[in-house]
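The next block is final.txt, given as compact mmCIF, C-alpha atoms.
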```txt
# COMPACT_ATOMS: atom_id res chain seq x y z
CA MET A 1 28.75 -6.65 23.70
CA SER A 2 25.38 -8.24 23.05
CA ASN A 3 23.59 -7.74 19.74
CA PRO A 4 20.60 -5.36 19.82
CA LEU A 5 17.14 -6.91 19.86
CA PHE A 6 14.00 -5.76 18.07
CA ASN A 7 10.22 -6.16 18.26
CA VAL A 8 7.93 -6.69 15.25
CA VAL A 9 4.92 -4.48 15.98
CA PHE A 10 1.51 -4.28 14.28
CA PHE A 11 -1.03 -1.50 14.96
CA GLY A 12 -3.95 -3.09 13.10
CA ILE A 13 -3.27 -0.98 9.99
CA ILE A 14 -3.27 -2.62 6.56
CA GLN A 15 -1.80 -1.27 3.34
CA PRO A 16 -3.98 1.01 1.17
CA GLY A 17 -6.15 -0.86 -1.32
CA LYS A 18 -5.97 -4.15 0.61
CA ASP A 19 -9.06 -5.99 1.82
CA LYS A 20 -8.97 -6.49 5.59
CA GLN A 21 -10.65 -9.91 5.49
CA THR A 22 -8.28 -11.16 2.79
CA VAL A 23 -5.23 -9.88 4.69
CA GLN A 24 -6.46 -11.57 7.88
CA GLN A 25 -6.97 -14.85 6.02
CA ASN A 26 -3.49 -14.63 4.48
CA MET A 27 -1.95 -13.98 7.89
CA ALA A 28 -3.83 -16.96 9.34
CA LYS A 29 -2.57 -19.14 6.48
CA MET A 30 1.00 -17.95 7.08
CA PHE A 31 0.89 -18.83 10.79
CA LYS A 32 -1.28 -21.94 10.30
CA THR A 33 -4.14 -20.79 12.54
CA GLU A 34 -7.77 -19.70 12.26
CA PRO A 35 -8.55 -16.15 11.01
CA ALA A 36 -10.92 -15.58 13.94
CA LYS A 37 -8.06 -16.05 16.40
CA LEU A 38 -6.18 -13.17 14.74
CA ALA A 39 -9.08 -10.71 15.13
CA PRO A 40 -7.49 -9.02 18.19
CA TYR A 41 -4.51 -8.05 16.04
CA PHE A 42 -6.78 -6.12 13.65
CA ALA A 43 -8.82 -4.37 16.36
CA GLY A 44 -6.35 -1.49 16.65
CA GLY A 45 -3.75 -0.67 19.25
CA ARG A 46 -0.17 -1.84 19.54
CA LYS A 47 0.35 -5.58 19.16
CA VAL A 48 3.77 -7.25 19.27
CA ILE A 49 3.85 -10.10 16.76
CA LYS A 50 7.39 -11.16 17.65
CA SER A 51 9.61 -9.75 20.39
CA ASN A 52 13.30 -9.76 21.25
CA ILE A 53 14.72 -11.02 17.95
CA ASP A 54 17.80 -9.94 16.04
CA GLU A 55 17.70 -7.39 13.22
CA LEU A 56 17.95 -9.99 10.43
CA MET A 57 15.00 -12.01 11.72
CA ALA A 58 12.95 -8.84 12.37
CA GLU A 59 13.49 -7.72 8.79
CA LYS A 60 12.46 -11.17 7.58
CA TYR A 61 9.18 -10.87 9.51
CA ARG A 62 8.60 -7.37 8.14
CA VAL A 63 9.08 -8.42 4.50
CA ALA A 64 6.84 -11.47 4.84
CA LEU A 65 4.05 -9.64 6.70
CA GLU A 66 4.06 -6.57 4.45
CA LYS A 67 3.91 -8.90 1.45
CA ILE A 68 0.47 -10.12 2.60
CA GLY A 69 -0.77 -6.56 3.25
CA LEU A 70 0.13 -5.54 6.83
CA VAL A 71 1.85 -2.30 7.83
CA ILE A 72 4.68 -3.36 10.13
CA LYS A 73 6.94 -1.31 12.39
CA ILE A 74 10.27 -2.52 13.74
CA GLU A 75 11.02 -1.17 17.22
CA ALA A 76 14.16 -1.52 19.28
CA ALA A 77 13.55 -3.86 22.20
CA GLU A 78 14.55 -2.72 25.65
CA GLY A 79 16.27 -5.73 27.09
CA LYS A 80 19.14 -8.16 26.98
CA SER A 81 20.47 -10.26 24.16
CA ALA A 82 18.43 -13.21 22.95
CA ALA A 83 20.59 -15.84 24.67
CA THR A 84 20.83 -13.95 27.97
CA LYS A 85 17.12 -13.14 28.04
CA ALA A 86 16.15 -16.76 27.37
CA ALA A 87 18.45 -18.04 30.09
CA THR A 88 17.17 -15.47 32.59
CA ALA A 89 13.53 -16.18 31.83
CA ASN A 90 13.85 -19.96 32.10
CA PRO A 91 17.31 -21.22 33.15
CA LYS A 92 16.15 -24.87 33.34
CA ALA A 93 14.26 -24.87 30.06
CA THR A 94 14.35 -28.16 28.17
CA PRO A 95 14.47 -28.48 24.36
CA ALA A 96 11.10 -28.22 22.67
CA ASP A 97 9.46 -31.39 21.48
CA PRO A 98 10.26 -31.58 17.73
CA ASN A 99 7.04 -33.49 17.17
CA ALA A 100 4.82 -30.84 18.76
CA SER A 101 2.13 -29.40 16.51
CA ILE A 102 3.10 -25.96 15.16
CA ALA A 103 -0.55 -25.07 14.67
CA GLN A 104 -1.32 -25.84 18.33
CA LYS A 105 1.60 -23.69 19.50
CA ILE A 106 0.48 -20.72 17.44
CA ALA A 107 -3.14 -21.13 18.49
CA GLN A 108 -2.04 -21.06 22.14
CA GLN A 109 0.11 -17.97 21.53
CA VAL A 110 -2.71 -16.11 19.80
CA THR A 111 -5.19 -17.08 22.52
CA LYS A 112 -2.82 -15.60 25.12
CA ALA A 113 -2.90 -12.18 23.44
CA ASP A 114 -3.85 -9.58 26.05
CA THR A 115 -6.98 -7.80 24.76
CA GLY A 116 -8.50 -6.93 28.12
CA ASP A 117 -7.84 -3.21 27.66
CA ILE A 118 -9.42 -3.04 24.19
CA THR A 119 -12.93 -1.60 23.90
CA MET A 120 -15.06 -0.37 21.03
CA ALA A 121 -15.50 3.38 20.74
CA GLU A 122 -19.00 4.76 20.41
CA VAL A 123 -20.30 5.55 16.96
CA GLY A 124 -18.95 8.91 15.84
CA ALA A 125 -16.29 9.05 18.54
CA ASP A 126 -12.83 10.50 17.73
CA VAL A 127 -10.48 7.49 17.88
CA ILE A 128 -7.30 9.52 17.37
CA GLU A 129 -5.21 9.63 20.54
CA HIS A 130 -3.82 13.06 21.36
CA PRO A 131 -5.14 14.83 18.25
CA VAL A 132 -3.43 18.05 17.21
CA GLU A 133 -5.31 20.97 18.69
CA VAL A 134 -6.62 23.31 16.00
CA VAL A 135 -6.82 26.90 17.22
CA PRO A 136 -9.77 28.67 15.53
CA GLN A 137 -8.78 31.81 13.66
CA GLU A 138 -10.38 35.06 14.63
CA ILE A 139 -12.80 36.34 11.96
CA GLY A 140 -13.40 40.03 11.67
CA ASP A 141 -16.68 41.80 10.93
CA ILE A 142 -18.18 40.26 7.74
CA SER A 143 -21.59 41.92 7.98
CA ASP A 144 -20.86 44.02 4.88
CA ILE A 145 -20.03 40.98 2.70
CA ASP A 146 -22.69 39.75 0.32
CA MET A 147 -22.88 37.24 -2.54
CA ALA A 148 -22.35 38.39 -6.11
CA GLU A 149 -25.02 37.70 -8.69
CA VAL A 150 -24.75 34.59 -10.82
CA GLY A 151 -22.30 35.21 -13.70
CA ALA A 152 -20.80 38.32 -12.15
CA ASP A 153 -17.03 38.93 -12.39
CA VAL A 154 -15.81 38.60 -8.81
CA LEU A 155 -12.23 39.61 -9.59
CA GLU A 156 -11.32 43.07 -8.38
CA HIS A 157 -9.15 44.96 -10.85
CA PRO A 158 -8.85 42.12 -13.39
CA THR A 159 -5.90 42.20 -15.77
CA GLU A 160 -6.81 44.12 -18.90
CA VAL A 161 -6.42 42.05 -22.05
CA VAL A 162 -5.46 44.18 -25.05
CA ALA A 163 -7.15 42.96 -28.22
CA GLN A 164 -4.74 42.18 -31.05
CA GLU A 165 -5.15 44.13 -34.26
CA ILE A 166 -6.35 41.98 -37.20
CA GLY A 167 -5.39 42.92 -40.71
CA ASP A 168 -7.57 42.85 -43.81
CA ILE A 169 -9.14 39.35 -44.18
CA SER A 170 -11.67 40.21 -46.89
CA ASP A 171 -9.88 37.94 -49.39
CA ILE A 172 -10.07 34.88 -47.10
CA SER A 173 -12.76 32.33 -47.80
CA MET A 174 -13.74 28.93 -46.41
CA ALA A 175 -12.74 25.81 -48.33
CA GLU A 176 -15.41 23.35 -49.33
CA VAL A 177 -16.18 20.43 -47.03
CA GLY A 178 -13.59 17.68 -47.56
CA ALA A 179 -11.17 19.87 -49.50
CA ASP A 180 -7.43 19.50 -48.89
CA VAL A 181 -6.39 22.81 -47.34
CA LEU A 182 -2.66 22.05 -47.44
CA GLU A 183 -0.78 23.83 -50.19
CA ASN A 184 1.76 21.61 -51.94
CA PRO A 185 1.35 18.68 -49.56
CA PRO A 186 4.25 16.19 -49.49
CA GLU A 187 3.72 13.22 -51.76
CA VAL A 188 3.34 9.96 -49.88
CA VAL A 189 4.87 7.07 -51.81
CA ALA A 190 3.07 3.80 -51.16
CA GLN A 191 5.35 1.09 -49.85
CA GLU A 192 5.66 -2.06 -51.88
CA ILE A 193 4.19 -5.10 -50.09
CA ASP A 194 5.60 -8.56 -50.80
CA ASP A 195 3.50 -11.66 -51.34
CA ILE A 196 1.47 -12.25 -48.13
CA SER A 197 -0.69 -15.08 -49.42
CA SER A 198 1.01 -17.47 -46.97
CA ILE A 199 0.06 -15.34 -43.95
CA SER A 200 -2.99 -16.34 -41.95
CA MET A 201 -4.75 -15.02 -38.86
CA ALA A 202 -4.10 -16.72 -35.52
CA GLU A 203 -7.05 -18.15 -33.65
CA PRO A 204 -8.66 -15.98 -30.94
CA GLY A 205 -6.64 -16.16 -27.73
CA ALA A 206 -3.55 -17.64 -29.37
CA ASP A 207 -0.12 -16.43 -28.21
CA ILE A 208 1.32 -14.69 -31.28
CA ILE A 209 4.70 -13.85 -29.70
CA GLU A 210 7.41 -16.25 -30.80
CA ASN A 211 9.84 -17.24 -28.09
CA PRO A 212 8.39 -14.89 -25.45
CA LYS A 213 10.68 -13.83 -22.65
CA GLU A 214 10.19 -15.77 -19.46
CA LYS A 215 8.48 -13.66 -16.82
CA LYS A 216 10.50 -13.41 -13.65
CA LYS A 217 8.51 -14.26 -10.56
CA ALA A 218 9.00 -12.18 -7.44
CA PRO A 219 11.15 -14.04 -4.91
CA ILE A 220 9.15 -15.36 -1.96
CA PRO A 221 11.12 -15.38 1.29
CA ASP A 222 11.29 -18.56 3.33
CA ILE A 223 8.69 -18.16 6.09
CA SER A 224 8.78 -21.69 7.44
CA ASP A 225 10.54 -20.56 10.62
CA LEU A 226 8.17 -17.65 11.38
CA SER A 227 5.74 -17.83 14.29
CA LEU A 228 3.69 -15.49 16.41
CA LYS A 229 4.98 -14.14 19.70
```

Represent the structure of the file as structure tokens.
Amino acid sequence: MSNPLFNVVFFGIIQPGKDKQTVQQNMAKMFKTEPAKLAPYFAGGRKVIKSNIDELMAEKYRVALEKIGLVIKIEAAEGKSAATKAATANPKATPADPNASIAQKIAQQVTKADTGDITMAEVGADVIEHPVEVVPQEIGDISDIDMAEVGADVLEHPTEVVAQEIGDISDISMAEVGADVLENPPEVVAQEIDDISSISMAEPGADIIENPKEKKKAPIPDISDLSLK
């Protein structure tokens, strides 16, 4: 039984908070091509970056591409296994020239991207395909509704708040400004400080943490074997 194959698909959507131009430049750097040649991939619509690859390689593409800011979808490919598909497509294929330029290969692949069915929508047009139909609700007669005056209480039958009874407060007075209003406050015993004459201030910008913990860097997957479709 052949292993299932998958497609790495991009719909021109980038992750929230990411700059489109920066993401496009990062993608071009990853695939060693010019950013302008990747413009069709960011114009919207379904674009297959890599097709008919195994699950492990598809996941590797997804991690690498989402790391630079793309939103990637992995779709099951409808077809044969990788070996069978390659043999069927080109049974007399010869090994690729190991000295061929990777950049030239990718540039050719990007140039071959089919963008003939992509057009720009008019300004203000609804670009959502098959939007959910919103059925307008029926509104009854509102001719007898008017606006309340500014400051009016618009709540009908508000909850009645019963005022609490206050006892005799004639013997209560205000303390003077700055007076300590706590009765019998707890005594705070000053801590004894040792000799600190040998302590000095570090210079501005100095790292005052002794033996700081080494910051772990996020692992970067190996992307040397990634290429466009």

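Proximity to Tyr61 (chain A) was assessed for A:Ala39, A:Ala175, A:Leu226, A:Ala77 counting all atoms listed in the file; the smallest distance is recorded for A:Leu226.
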
Atomic separation - CA of Lys32 (chain A) relative to CA of Pro221 (chain A), Å: 16.7 Å

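From CA of Phe10 (chain A) back to CA of Val23 (chain A), the distance works out to 13.0 Å.
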
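Counting only C-alpha atoms, the residue from A:Lys60, A:Ser198, A:Glu55, A:His157 that sits nearest to Ser224 (chain A) is A:Lys60.
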
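Comparing A:Val8, A:Ile68, A:Leu56, A:Ala152 by their smallest distance to Lys20 (chain A), the closest is A:Ile68 (using only C-alpha atoms).
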
Near-Phe11 (chain A) list (9 Å; only C-alpha atoms; drop same-chain fewer than 3 positions) as JSON, numbers by chain: {"A": [14, 41, 42, 43, 44, 45, 46, 47, 48, 71, 72, 73]}

Interatomic distance (Å, one decimal) between CA of Asn52 (chain A) and CA of Asn26 (chain A): 24.2 Å
